[in-house]
$ cat input-v6.cif   # mmCIF, C-alpha atoms and all ligand atoms
data_work
loop_
_atom_site.label_atom_id
_atom_site.label_comp_id
_atom_site.auth_asym_id
_atom_site.auth_seq_id
_atom_site.Cartn_x
_atom_site.Cartn_y
_atom_site.Cartn_z
CA MET A 13 79.17 27.98 57.74
CA ASP A 14 81.87 25.40 58.47
CA PHE A 15 82.17 22.58 55.98
CA PHE A 16 84.21 19.39 55.95
CA ALA A 17 84.94 17.56 52.68
CA THR A 18 85.69 13.95 53.62
CA ALA A 19 88.52 12.03 51.97
CA ALA A 20 89.74 8.48 51.47
CA LYS A 21 92.74 8.33 53.81
CA GLY A 22 95.84 9.71 52.09
CA THR A 23 93.91 11.77 49.51
CA GLU A 24 93.43 14.86 51.71
CA PRO A 25 96.08 16.89 49.79
CA ALA A 26 94.20 16.30 46.52
CA ILE A 27 90.99 17.74 48.00
CA ARG A 28 92.86 20.64 49.58
CA ASP A 29 94.38 21.58 46.20
CA GLU A 30 91.03 21.17 44.47
CA LEU A 31 89.27 23.45 46.97
CA ARG A 32 91.98 26.09 46.58
CA GLU A 33 91.83 25.98 42.79
CA LEU A 34 88.05 26.33 42.94
CA ARG A 35 88.54 29.41 45.18
CA PHE A 36 86.87 28.13 48.33
CA ARG A 37 87.82 29.95 51.53
CA GLY A 38 89.27 28.88 54.88
CA VAL A 39 90.74 25.70 53.34
CA ARG A 40 92.57 23.57 55.92
CA ALA A 41 93.53 19.90 55.54
CA ASP A 42 92.91 17.61 58.49
CA ARG A 43 92.88 13.88 59.16
CA GLY A 44 90.16 12.30 57.03
CA GLY A 45 89.24 15.43 55.10
CA VAL A 46 89.54 19.15 54.50
CA HIS A 47 87.76 22.03 56.24
CA PHE A 48 86.49 25.09 54.39
CA THR A 49 84.03 27.88 55.13
CA GLY A 50 81.39 29.90 53.32
CA ALA A 51 77.66 30.49 52.89
CA LEU A 52 75.42 27.44 52.35
CA ASP A 53 75.64 28.04 48.58
CA GLU A 54 79.34 27.28 48.77
CA GLY A 55 78.46 23.87 50.16
CA PHE A 56 76.17 23.29 47.14
CA ARG A 57 78.99 24.33 44.83
CA ALA A 58 81.42 21.97 46.56
CA CYS A 59 79.09 18.98 46.01
CA PHE A 60 78.71 19.99 42.39
CA GLU A 61 82.37 20.60 41.58
CA LEU A 62 84.64 18.53 43.83
CA ARG A 63 85.98 15.41 42.12
CA CYS A 64 88.00 13.85 44.95
CA ALA A 65 85.78 14.30 48.05
CA LEU A 66 83.54 11.49 49.27
CA ARG A 67 81.10 13.71 51.14
CA VAL A 68 80.56 17.38 51.94
CA LEU A 69 79.36 17.82 55.52
CA THR A 70 78.29 20.97 57.30
CA GLU A 71 78.70 21.26 61.02
CA LEU A 72 75.51 22.13 62.92
CA GLY A 73 76.84 21.98 66.46
CA SER A 74 79.46 20.64 68.81
CA PHE A 75 79.01 19.91 72.53
CA ASP A 76 80.21 17.67 75.36
CA ALA A 77 78.36 14.36 75.47
CA PRO A 78 79.84 12.18 78.20
CA HIS A 79 76.47 10.40 78.65
CA GLU A 80 73.23 9.84 76.73
CA GLY A 81 71.35 12.67 78.47
CA ALA A 82 73.96 15.21 77.38
CA LEU A 83 73.87 13.84 73.82
CA TYR A 84 70.05 14.15 73.72
CA GLU A 85 70.13 17.71 75.15
CA GLY A 86 72.88 18.79 72.77
CA VAL A 87 71.05 17.48 69.69
CA GLN A 88 67.81 19.13 70.87
CA GLY A 89 69.71 22.42 71.12
CA ILE A 90 70.04 22.46 67.30
CA ASP A 91 67.15 23.96 65.29
CA TRP A 92 66.07 21.06 63.05
CA THR A 93 62.96 22.80 61.71
CA ARG A 94 65.07 24.52 59.01
CA PHE A 95 65.80 21.17 57.39
CA LEU A 96 63.05 18.78 58.43
CA ASP A 97 59.28 18.67 58.83
CA PRO A 98 56.96 15.71 59.36
CA SER A 99 56.64 15.10 55.60
CA ARG A 100 60.38 14.48 55.18
CA THR A 101 62.54 11.49 56.12
CA LEU A 102 65.84 11.27 57.97
CA ALA A 103 68.64 8.84 58.81
CA VAL A 104 71.43 9.15 61.37
CA ARG A 105 74.90 7.59 61.14
CA ALA A 106 77.27 7.63 64.09
CA ALA A 107 80.97 7.07 64.69
CA CYS A 108 82.83 7.23 68.00
CA ARG A 109 86.26 6.85 69.50
CA SER A 110 87.77 7.25 72.99
CA SER A 111 84.35 8.08 74.52
CA ALA A 112 82.12 6.79 77.32
CA LEU A 113 79.34 6.09 74.81
CA THR A 114 80.67 3.29 72.66
CA HIS A 115 77.76 1.82 70.68
CA THR A 116 77.35 3.64 67.41
CA GLN A 117 73.84 2.29 66.85
CA TYR A 118 72.76 3.52 70.27
CA ILE A 119 74.32 6.96 69.62
CA ALA A 120 72.47 7.14 66.31
CA GLN A 121 69.21 6.08 67.97
CA LYS A 122 69.50 8.71 70.74
CA THR A 123 70.32 11.40 68.20
CA LYS A 124 67.34 10.43 66.05
CA ASP A 125 65.06 10.48 69.17
CA ALA A 126 66.20 14.02 70.04
CA VAL A 127 65.55 15.24 66.47
CA VAL A 128 62.11 13.66 66.04
CA ASP A 129 61.01 14.73 69.56
CA GLN A 130 61.83 18.36 68.71
CA LEU A 131 59.78 18.16 65.51
CA ARG A 132 56.88 16.45 67.29
CA GLN A 133 56.90 19.26 69.90
CA ARG A 134 56.80 21.91 67.15
CA HIS A 135 54.47 20.28 64.63
CA GLY A 136 52.52 17.66 66.59
CA ALA A 137 53.83 15.01 64.16
CA ARG A 138 57.26 13.53 63.51
CA PRO A 139 59.29 12.73 60.39
CA SER A 140 59.98 9.07 59.71
CA VAL A 141 63.24 7.23 59.25
CA ASP A 142 64.43 6.04 55.84
CA ARG A 143 67.81 4.40 56.21
CA ASP A 144 68.39 3.86 52.49
CA ASP A 145 67.28 7.08 50.86
CA PRO A 146 66.63 9.79 53.47
CA ASP A 147 65.82 13.40 52.63
CA VAL A 148 68.14 14.52 55.45
CA LEU A 149 71.24 12.51 56.36
CA ILE A 150 72.75 13.34 59.77
CA PHE A 151 76.19 12.30 60.99
CA VAL A 152 77.21 12.39 64.63
CA HIS A 153 80.87 11.93 65.54
CA LEU A 154 81.84 11.42 69.15
CA VAL A 155 85.53 11.88 69.95
CA ARG A 156 86.78 11.98 73.54
CA ASP A 157 83.20 12.61 74.77
CA ARG A 158 82.72 15.60 72.45
CA ALA A 159 79.94 15.25 69.91
CA THR A 160 79.88 17.02 66.58
CA VAL A 161 76.70 16.92 64.51
CA TYR A 162 76.83 17.27 60.73
CA LEU A 163 74.45 17.27 57.81
CA ASP A 164 75.53 15.54 54.61
CA LEU A 165 74.92 17.95 51.73
CA GLY A 166 75.30 15.34 49.01
CA GLY A 167 72.95 12.90 50.72
CA ALA A 168 74.87 9.97 49.20
CA SER A 169 78.56 9.36 48.65
CA LEU A 170 79.79 11.70 45.91
CA HIS A 171 81.67 8.88 44.16
CA ARG A 172 78.32 7.80 42.70
CA ARG A 173 78.55 9.94 39.59
CA GLY A 174 76.01 7.83 37.71
CA PHE A 175 78.11 6.90 34.65
CA ARG A 176 79.36 3.53 35.84
CA SER A 177 76.61 1.02 35.23
CA MET A 178 79.13 -1.73 34.38
CA ALA A 179 82.00 -2.70 36.67
CA GLY A 180 84.52 -5.52 36.99
CA GLU A 181 85.57 -7.32 40.15
CA ALA A 182 87.54 -4.55 41.85
CA PRO A 183 86.57 -1.11 40.55
CA LEU A 184 88.05 2.00 42.13
CA LYS A 185 85.73 4.62 43.52
CA GLU A 186 85.48 7.51 41.05
CA THR A 187 86.62 9.91 43.79
CA LEU A 188 89.77 7.85 44.43
CA ALA A 189 90.51 7.65 40.69
CA ALA A 190 90.24 11.45 40.47
CA ALA A 191 92.55 11.85 43.49
CA LEU A 192 95.15 9.48 41.99
CA LEU A 193 95.25 11.56 38.81
CA ARG A 194 96.01 14.67 40.86
CA LEU A 195 98.41 13.05 43.31
CA SER A 196 100.42 11.49 40.48
CA GLY A 197 100.82 14.95 38.92
CA TRP A 198 99.03 14.55 35.58
CA ASP A 199 99.18 17.92 33.82
CA ARG A 200 96.06 17.34 31.65
CA GLU A 201 98.22 17.90 28.56
CA ARG A 202 100.19 14.69 28.16
CA PRO A 203 98.38 11.66 26.71
CA LEU A 204 96.85 9.60 29.51
CA VAL A 205 97.14 5.81 29.37
CA ASP A 206 95.50 3.21 31.65
CA PRO A 207 96.66 -0.22 30.41
CA MET A 208 94.68 -2.18 33.07
CA CYS A 209 91.50 -0.16 32.81
CA GLY A 210 88.88 -2.55 34.23
CA SER A 211 85.63 -0.58 34.04
CA GLY A 212 87.50 2.54 32.91
CA THR A 213 87.16 4.64 36.06
CA ILE A 214 90.58 6.31 35.85
CA ALA A 215 90.38 7.03 32.12
CA ILE A 216 86.85 8.45 32.36
CA GLU A 217 87.71 10.64 35.36
CA ALA A 218 90.76 11.86 33.42
CA ALA A 219 88.62 12.79 30.42
CA LEU A 220 86.09 14.61 32.64
CA TRP A 221 88.81 16.54 34.42
CA ALA A 222 90.65 17.44 31.20
CA ARG A 223 87.42 18.80 29.70
CA HIS A 224 86.46 20.65 32.91
CA ILE A 225 83.19 18.72 33.13
CA ALA A 226 82.06 19.16 36.75
CA PRO A 227 80.80 15.92 38.35
CA GLY A 228 77.48 17.67 39.08
CA LEU A 229 76.87 18.05 35.34
CA LEU A 230 76.74 14.30 34.79
CA ALA A 231 73.22 13.20 33.97
CA THR A 232 71.88 9.65 34.26
CA ASP A 233 69.44 8.59 31.52
CA GLY A 234 68.90 12.24 30.69
CA GLU A 235 68.07 13.14 34.32
CA GLU A 236 70.10 15.90 36.00
CA ARG A 237 72.12 14.79 38.99
CA GLN A 238 70.34 15.57 42.28
CA PHE A 239 71.97 16.21 45.65
CA GLY A 240 70.66 15.65 49.17
CA PHE A 241 70.36 19.36 50.05
CA GLU A 242 67.79 19.79 47.26
CA ARG A 243 65.40 17.78 49.47
CA TRP A 244 65.87 19.87 52.62
CA GLY A 245 63.10 22.04 54.03
CA CYS A 246 65.14 25.22 53.54
CA HIS A 247 65.78 24.54 49.83
CA ASP A 248 63.41 27.25 48.61
CA GLU A 249 63.07 28.97 45.24
CA ALA A 250 66.03 31.27 45.88
CA ALA A 251 68.26 28.26 46.68
CA ALA A 252 67.02 26.46 43.55
CA ARG A 253 67.88 29.57 41.48
CA ARG A 254 71.36 29.64 43.00
CA MET A 255 71.82 25.97 42.08
CA ALA A 256 70.73 26.75 38.52
CA GLU A 257 73.38 29.50 38.40
CA ILE A 258 76.07 27.09 39.66
CA ARG A 259 75.00 24.61 36.96
CA GLU A 260 75.04 27.28 34.25
CA ALA A 261 78.47 28.56 35.26
CA ALA A 262 79.82 24.99 35.25
CA ARG A 263 78.37 24.42 31.75
CA GLY A 264 80.14 27.54 30.54
CA ARG A 265 83.53 26.17 31.60
CA VAL A 266 83.29 22.86 29.69
CA ARG A 267 85.96 22.47 27.00
CA THR A 268 85.45 20.54 23.81
CA SER A 269 88.98 19.16 23.47
CA ALA A 270 91.17 16.94 25.66
CA PRO A 271 94.52 15.20 25.18
CA PRO A 272 94.33 11.58 23.98
CA ILE A 273 92.94 9.27 26.68
CA LEU A 274 93.81 5.62 26.02
CA ALA A 275 92.51 2.63 27.95
CA SER A 276 93.12 -1.07 27.51
CA ASP A 277 92.65 -4.34 29.35
CA SER A 278 93.41 -7.99 28.58
CA ASP A 279 89.78 -8.91 29.31
CA ALA A 280 87.35 -8.25 26.46
CA ALA A 281 84.44 -7.81 28.90
CA MET A 282 86.31 -4.94 30.63
CA VAL A 283 86.95 -3.29 27.27
CA ALA A 284 83.20 -3.38 26.59
CA PHE A 285 82.43 -2.01 30.08
CA THR A 286 84.84 0.88 29.66
CA ARG A 287 83.32 1.75 26.27
CA GLU A 288 79.80 1.72 27.69
CA ASN A 289 80.76 3.74 30.80
CA ALA A 290 82.62 6.36 28.74
CA ARG A 291 79.59 6.68 26.49
CA ALA A 292 77.36 7.15 29.56
CA ALA A 293 79.73 9.85 30.87
CA GLY A 294 79.73 11.58 27.48
CA VAL A 295 83.52 11.52 27.03
CA GLU A 296 85.90 10.13 24.45
CA VAL A 297 88.20 7.33 25.54
CA SER A 298 90.04 5.23 23.00
CA VAL A 299 89.61 1.66 24.28
CA HIS A 300 91.12 -1.59 23.01
CA LYS A 301 91.96 -5.10 24.17
CA ALA A 302 95.65 -5.53 24.94
CA ARG A 303 98.01 -6.97 27.52
CA VAL A 304 100.03 -4.58 29.64
CA GLU A 305 103.10 -6.69 28.76
CA ASP A 306 102.78 -5.37 25.18
CA LEU A 307 102.35 -1.70 26.10
CA GLY A 308 104.33 0.65 23.89
CA PRO A 309 105.22 4.36 24.17
CA THR A 310 102.99 7.26 23.15
CA ASP A 311 104.15 10.24 21.14
CA PRO A 312 104.60 12.62 22.94
CA PRO A 313 105.51 10.60 26.05
CA GLY A 314 102.46 10.12 28.23
CA HIS A 315 101.22 9.73 31.77
CA VAL A 316 100.64 6.03 32.39
CA ILE A 317 98.49 5.24 35.40
CA LEU A 318 97.30 1.82 36.46
CA ASN A 319 95.72 -0.17 39.21
CA PRO A 320 97.05 -3.72 38.83
CA PRO A 321 95.21 -6.63 40.44
CA TYR A 322 96.45 -7.39 43.95
CA ASN A 323 93.77 -8.83 46.16
CA GLU A 324 91.73 -11.95 46.76
CA ARG A 325 89.10 -11.05 44.19
CA LEU A 326 91.62 -10.28 41.45
CA PRO A 327 94.94 -11.90 42.28
CA GLY A 328 98.19 -10.73 40.67
CA THR A 329 101.20 -13.00 40.23
CA ARG A 330 104.92 -12.29 40.43
CA ASP A 331 105.23 -13.26 36.77
CA LEU A 332 102.60 -10.68 35.81
CA TYR A 333 104.34 -8.00 37.89
CA ARG A 334 107.74 -8.86 36.37
CA ASP A 335 106.46 -8.66 32.80
CA MET A 336 104.43 -5.53 33.56
CA ALA A 337 107.47 -3.84 35.13
CA ARG A 338 109.58 -4.76 32.11
CA ALA A 339 107.08 -3.08 29.76
CA LEU A 340 106.70 0.00 31.96
CA ARG A 341 110.45 0.49 32.31
CA ARG A 342 110.82 0.68 28.54
CA LEU A 343 108.61 3.80 28.43
CA HIS A 344 111.44 6.35 28.33
CA GLY A 345 110.35 9.88 29.13
CA HIS A 346 106.95 8.75 30.40
CA ARG A 347 105.61 9.15 33.91
CA VAL A 348 104.28 5.89 35.35
CA ALA A 349 101.99 5.85 38.39
CA LEU A 350 100.91 2.57 39.99
CA LEU A 351 98.37 2.07 42.74
CA SER A 352 100.01 -0.84 44.46
CA GLY A 353 98.46 -3.01 47.14
CA THR A 354 101.49 -5.28 47.52
CA PRO A 355 105.25 -4.72 47.94
CA ASP A 356 105.76 -7.22 45.09
CA ILE A 357 104.92 -4.50 42.55
CA GLU A 358 107.63 -2.10 43.78
CA ARG A 359 110.07 -5.01 43.98
CA ALA A 360 109.31 -5.92 40.37
CA MET A 361 110.03 -2.32 39.29
CA GLU A 362 113.42 -2.60 41.05
CA GLN A 363 114.42 -6.03 39.70
CA ARG A 364 117.52 -6.33 37.54
CA LEU A 365 116.16 -7.41 34.18
CA PRO A 366 117.73 -6.65 30.81
CA GLU A 367 116.32 -3.12 31.30
CA PRO A 368 117.81 -0.95 34.06
CA PRO A 369 115.74 -0.83 37.29
CA ALA A 370 113.29 2.05 37.63
CA PRO A 371 114.52 5.05 39.64
CA ARG A 372 113.23 5.43 43.21
CA PRO A 373 109.53 6.30 43.08
CA ARG A 374 107.67 9.02 44.86
CA SER A 375 105.61 6.90 47.24
CA LEU A 376 102.38 8.00 48.95
CA ALA A 377 100.22 5.96 51.32
CA VAL A 378 96.65 5.93 50.01
CA TRP A 379 93.76 3.77 51.25
CA ASN A 380 91.57 1.95 48.74
CA GLY A 381 88.64 1.18 51.07
CA ASP A 382 90.31 -0.52 54.03
CA ILE A 383 93.35 -1.67 52.04
CA GLU A 384 96.49 0.37 52.60
CA CYS A 385 98.13 0.92 49.21
CA ARG A 386 101.05 2.92 47.85
CA LEU A 387 100.78 5.30 44.94
CA LEU A 388 104.19 4.81 43.30
CA THR A 389 105.14 7.48 40.77
CA TYR A 390 108.18 6.99 38.50
CA ASP A 391 109.68 9.30 35.92
CA ILE A 392 111.22 6.76 33.56
CA PRO A 393 114.56 8.10 32.28
C1 LIG B 1 92.08 -3.89 39.80
S1 LIG B 1 91.45 -4.06 38.21
C2 LIG B 1 91.38 -2.42 37.60
C3 LIG B 1 90.14 -1.76 38.07
C4 LIG B 1 89.92 -0.39 37.44
N1 LIG B 1 90.87 0.58 37.95
C5 LIG B 1 88.49 0.07 37.67
O1 LIG B 1 88.27 1.10 38.33
O2 LIG B 1 87.57 -0.62 37.23
C6 LIG B 1 92.79 -4.74 37.31
C7 LIG B 1 92.51 -5.01 35.84
O3 LIG B 1 93.70 -5.54 35.26
C8 LIG B 1 93.30 -6.39 34.20
N2 LIG B 1 94.46 -7.25 33.86
C9 LIG B 1 94.92 -8.35 34.51
N3 LIG B 1 96.02 -8.83 33.89
C10 LIG B 1 96.24 -8.02 32.82
C11 LIG B 1 97.23 -7.99 31.81
N4 LIG B 1 98.19 -8.90 31.74
N5 LIG B 1 97.17 -7.00 30.88
C12 LIG B 1 96.18 -6.07 30.92
N6 LIG B 1 95.21 -6.07 31.85
C13 LIG B 1 95.24 -7.02 32.79
C14 LIG B 1 92.11 -7.13 34.75
O4 LIG B 1 91.31 -7.64 33.68
C15 LIG B 1 91.42 -6.03 35.56
O5 LIG B 1 90.41 -5.43 34.79
#
$ encode --input "input-v6.cif" --output "structure tokens"
Amino acid sequence: MDFFATAAKGTEPAIRDELRELRFRGVRADRGGVHFTGALDEGFRACFELRCALRVLTELGSFDAPHEGALYEGVQGIDWTRFLDPSRTLAVRAACRSSALTHTQYIAQKTKDAVVDQLRQRHGARPSVDRDDPDVLIFVHLVRDRATVYLDLGGASLHRRGFRSMAGEAPLKETLAAALLRLSGWDRERPLVDPMCGSGTIAIEAALWARHIAPGLLATDGEERQFGFERWGCHDEAAARRMAEIREAARGRVRTSAPPILASDSDAAMVAFTRENARAAGVEVSVHKARVEDLGPTDPPGHVILNPPYNERLPGTRDLYRDMARALRRLHGHRVALLSGTPDIERAMEQRLPEPPAPRPRSLAVWNGDIECRLLTYDIP
């Protein structure tokens, strides 16, 4: 089967590397995600193990759809009875660009009609729609009048790991936090420091990665994490056994130790949130209240990664950036990675203060939702 692991823009290389390390086959990065191939089980494993992907989709068919009739016919040409029956629910999401059909809601509606009509013809009854929590989530993408139909294996965005019950004003998605750790080159050996931790997403993802705890192993209130494919019609006893094997193998890889993971924030509420979220994730993060301006070195020199405030909800000021840059530039021998949503942060790192300016960073464009950011990585001399 052909799979597509979707990515926040700019994080595709992180997912490509992850898929290769996890020994998936046919790995090929593309715009918006990474393709890979394998049996359906490999799709289950991807949902269970990938840290950086937002969704894992499997392609069911691709056909020309220059008008609604062709879209309907094409969708009817797919055998939906493997996944759906009248007792299950579905939802359809559509996206389109450069096509004659331009209304995504209409495309979704037509697709849904074709699916439910096929099931009514076969069973004499149709499945119903549940937009919020469907058993089967279908995506249809129309690009230059060519439709591609996908099923979402996870059923919900994979960033919802279940450990983050408490969050501040501008939390990162867990998948983006995991991608930033990879893209900034953390080796999982140096101490990891997030001095503006908010709800602790980066630090907790770091601890999970360092201990090889697969995201699929995270339980919420003692309940095992469930994925969308477990609610499909074809998820029979053999598939459930295969899932149990994937779970068991993942359990066997968990390590007990990790390098020190340190998180701090100037806001006491955030410190409490990070503590609670780390507890829910079952990992150790050393959390305390502190200002980034007072950040000191670790021994051995660590990997400092932070997501300073930069938008309307959490504004940053030039004074904060100047004082933050001054503290970061004193961390000789450390690597410092900043997710920056404003050029003011890079400028602050370059300012002539008593300390020498930071060397040129490695700079990657990464999107945090619809905000274009830079991931700036400095090796402080
Ligand atoms: C964008 S949020 C970080 C969000 C975090 N990455 C998450 O996923 O929840 C920025 C954080 O910086 C903290 N902050 C602001 N000024 C600070 C300072 N001077 N020292 C330390 N933390 C500060 C805020 O309290 C806020 O939690």
$ axis_aligned_box --input "input-v6.cif" --around "stretch 363-380 of chain A" --padding-each-side "6 Å" --output "lines of an AutoDock Vina configuration file"
center_x = 104.7
center_y = 0.8
center_z = 41.1
size_x = 38.2
size_y = 28.4
size_z = 32.5
$ residues_around --input "input-v6.cif" --residues "stretch 293-304 of chain A" --least-positions-apart "4" --cutoff "9 Å" --atoms "only C-alpha atoms" --output "PyMOL selection string"
chain A and resi 173-176+207-209+212+215-216+219-220+223+230-232+270+272-280+282-284+286-289+308+335-336+339-340
$ closest_residue --input "input-v6.cif" --among "A:His171, A:Arg28, A:His153, A:His247" --to "A:Pro183" --atoms "all atoms listed in the file"
A:His171
$ residues_around --input "input-v6.cif" --residues "stretch 241-244 of chain A" --least-positions-apart "2" --cutoff "6 Å" --atoms "all atoms listed in the file" --output "PyMOL selection string"
chain A and resi 95+147+165+239+246-247
$ closest_residue --input "input-v6.cif" --among "A:Ala226, A:Val161, A:Ala191, A:Leu307" --to "A:Leu149" --atoms "all atoms listed in the file"
A:Val161
$ closest_residue --input "input-v6.cif" --among "A:Arg63, A:Arg32, A:Arg237, A:His135" --to "A:Leu188" --atoms "all atoms listed in the file"
A:Arg63
$ closest_residue --input "input-v6.cif" --among "A:Glu181, A:Glu30, A:Glu80, A:Glu201" --to "A:Pro327" --atoms "all atoms listed in the file"
A:Glu181
$ atom_distance --input "input-v6.cif" --atom1 "atom CA of A:Lys185" --atom2 "atom CA of A:Ala19"
11.6 Å
$ closest_residue --input "input-v6.cif" --among "A:Ala82, A:Val39, A:Leu193, A:Leu318" --to "ligand LIG 1 (chain B)" --atoms "only C-alpha atoms and all ligand atoms"
A:Leu318
$ closest_residue --input "input-v6.cif" --among "A:Pro139, A:Gly166, A:Pro309, A:Gly55" --to "A:Asp125" --atoms "all atoms listed in the file"
A:Pro139
$ residues_near_point --input "input-v6.cif" --point "(70.9, 13.1, 53.5)" --cutoff "6 Å" --atoms "only C-alpha atoms" --output "number ranges by chain"
A: 146-149, 164, 167, 240
$ write_last_selection --input "input-v6.cif" --atoms "C-alpha atoms" --output "tab-separated table (two decimals), in the coordinates of the input"
chain	number	residue	atom	x	y	z
A	146	PRO	CA	66.63	9.79	53.47
A	147	ASP	CA	65.82	13.40	52.63
A	148	VAL	CA	68.14	14.52	55.45
A	149	LEU	CA	71.24	12.51	56.36
A	164	ASP	CA	75.53	15.54	54.61
A	167	GLY	CA	72.95	12.90	50.72
A	240	GLY	CA	70.66	15.65	49.17
$ atom_distance --input "input-v6.cif" --atom1 "atom CA of A:Arg94" --atom2 "atom CA of A:Thr49"
19.6 Å
$ decode --input "input-v6.cif" --residues "stretch 378-393 of chain A" --atoms "N, CA and C atoms" --output "PDB file, in the first residue's frame"
ATOM      1  N   VAL A 378      10.376  26.844   9.097  1.00  0.00           N
ATOM      2  CA  VAL A 378       9.465  25.851   9.684  1.00  0.00           C
ATOM      3  C   VAL A 378       8.161  26.577  10.021  1.00  0.00           C
ATOM      4  N   TRP A 379       7.028  25.975   9.686  1.00  0.00           N
ATOM      5  CA  TRP A 379       5.748  26.625   9.969  1.00  0.00           C
ATOM      6  C   TRP A 379       5.161  26.118  11.281  1.00  0.00           C
ATOM      7  N   ASN A 380       4.834  27.081  12.163  1.00  0.00           N
ATOM      8  CA  ASN A 380       4.117  26.756  13.392  1.00  0.00           C
ATOM      9  C   ASN A 380       2.665  27.144  13.125  1.00  0.00           C
ATOM     10  N   GLY A 381       1.827  26.174  12.747  1.00  0.00           N
ATOM     11  CA  GLY A 381       0.482  26.501  12.253  1.00  0.00           C
ATOM     12  C   GLY A 381       0.640  27.296  10.967  1.00  0.00           C
ATOM     13  N   ASP A 382       0.008  28.478  10.901  1.00  0.00           N
ATOM     14  CA  ASP A 382       0.177  29.267   9.674  1.00  0.00           C
ATOM     15  C   ASP A 382       1.222  30.366   9.832  1.00  0.00           C
ATOM     16  N   ILE A 383       2.013  30.306  10.890  1.00  0.00           N
ATOM     17  CA  ILE A 383       3.062  31.313  11.085  1.00  0.00           C
ATOM     18  C   ILE A 383       4.390  30.772  10.559  1.00  0.00           C
ATOM     19  N   GLU A 384       4.989  31.503   9.620  1.00  0.00           N
ATOM     20  CA  GLU A 384       6.303  31.076   9.126  1.00  0.00           C
ATOM     21  C   GLU A 384       7.352  31.478  10.153  1.00  0.00           C
ATOM     22  N   CYS A 385       8.113  30.503  10.619  1.00  0.00           N
ATOM     23  CA  CYS A 385       9.142  30.752  11.636  1.00  0.00           C
ATOM     24  C   CYS A 385      10.494  30.332  11.076  1.00  0.00           C
ATOM     25  N   ARG A 386      11.550  30.633  11.818  1.00  0.00           N
ATOM     26  CA  ARG A 386      12.881  30.104  11.503  1.00  0.00           C
ATOM     27  C   ARG A 386      13.322  29.278  12.702  1.00  0.00           C
ATOM     28  N   LEU A 387      13.913  28.136  12.412  1.00  0.00           N
ATOM     29  CA  LEU A 387      14.601  27.397  13.465  1.00  0.00           C
ATOM     30  C   LEU A 387      16.070  27.781  13.333  1.00  0.00           C
ATOM     31  N   LEU A 388      16.550  28.582  14.291  1.00  0.00           N
ATOM     32  CA  LEU A 388      17.928  29.096  14.255  1.00  0.00           C
ATOM     33  C   LEU A 388      18.775  28.237  15.183  1.00  0.00           C
ATOM     34  N   THR A 389      19.828  27.625  14.640  1.00  0.00           N
ATOM     35  CA  THR A 389      20.665  26.754  15.478  1.00  0.00           C
ATOM     36  C   THR A 389      22.096  27.311  15.516  1.00  0.00           C
ATOM     37  N   TYR A 390      22.567  27.594  16.726  1.00  0.00           N
ATOM     38  CA  TYR A 390      23.904  28.185  16.937  1.00  0.00           C
ATOM     39  C   TYR A 390      24.777  27.220  17.729  1.00  0.00           C
ATOM     40  N   ASP A 391      26.014  27.062  17.308  1.00  0.00           N
ATOM     41  CA  ASP A 391      26.993  26.405  18.175  1.00  0.00           C
ATOM     42  C   ASP A 391      27.803  27.525  18.813  1.00  0.00           C
ATOM     43  N   ILE A 392      27.586  27.752  20.084  1.00  0.00           N
ATOM     44  CA  ILE A 392      28.212  28.900  20.755  1.00  0.00           C
ATOM     45  C   ILE A 392      29.691  28.560  21.012  1.00  0.00           C
ATOM     46  N   PRO A 393      30.617  29.389  20.497  1.00  0.00           N
ATOM     47  CA  PRO A 393      32.036  29.040  20.652  1.00  0.00           C
ATOM     48  C   PRO A 393      32.506  29.204  22.110  1.00  0.00           C
TER      49      PRO A 393
END
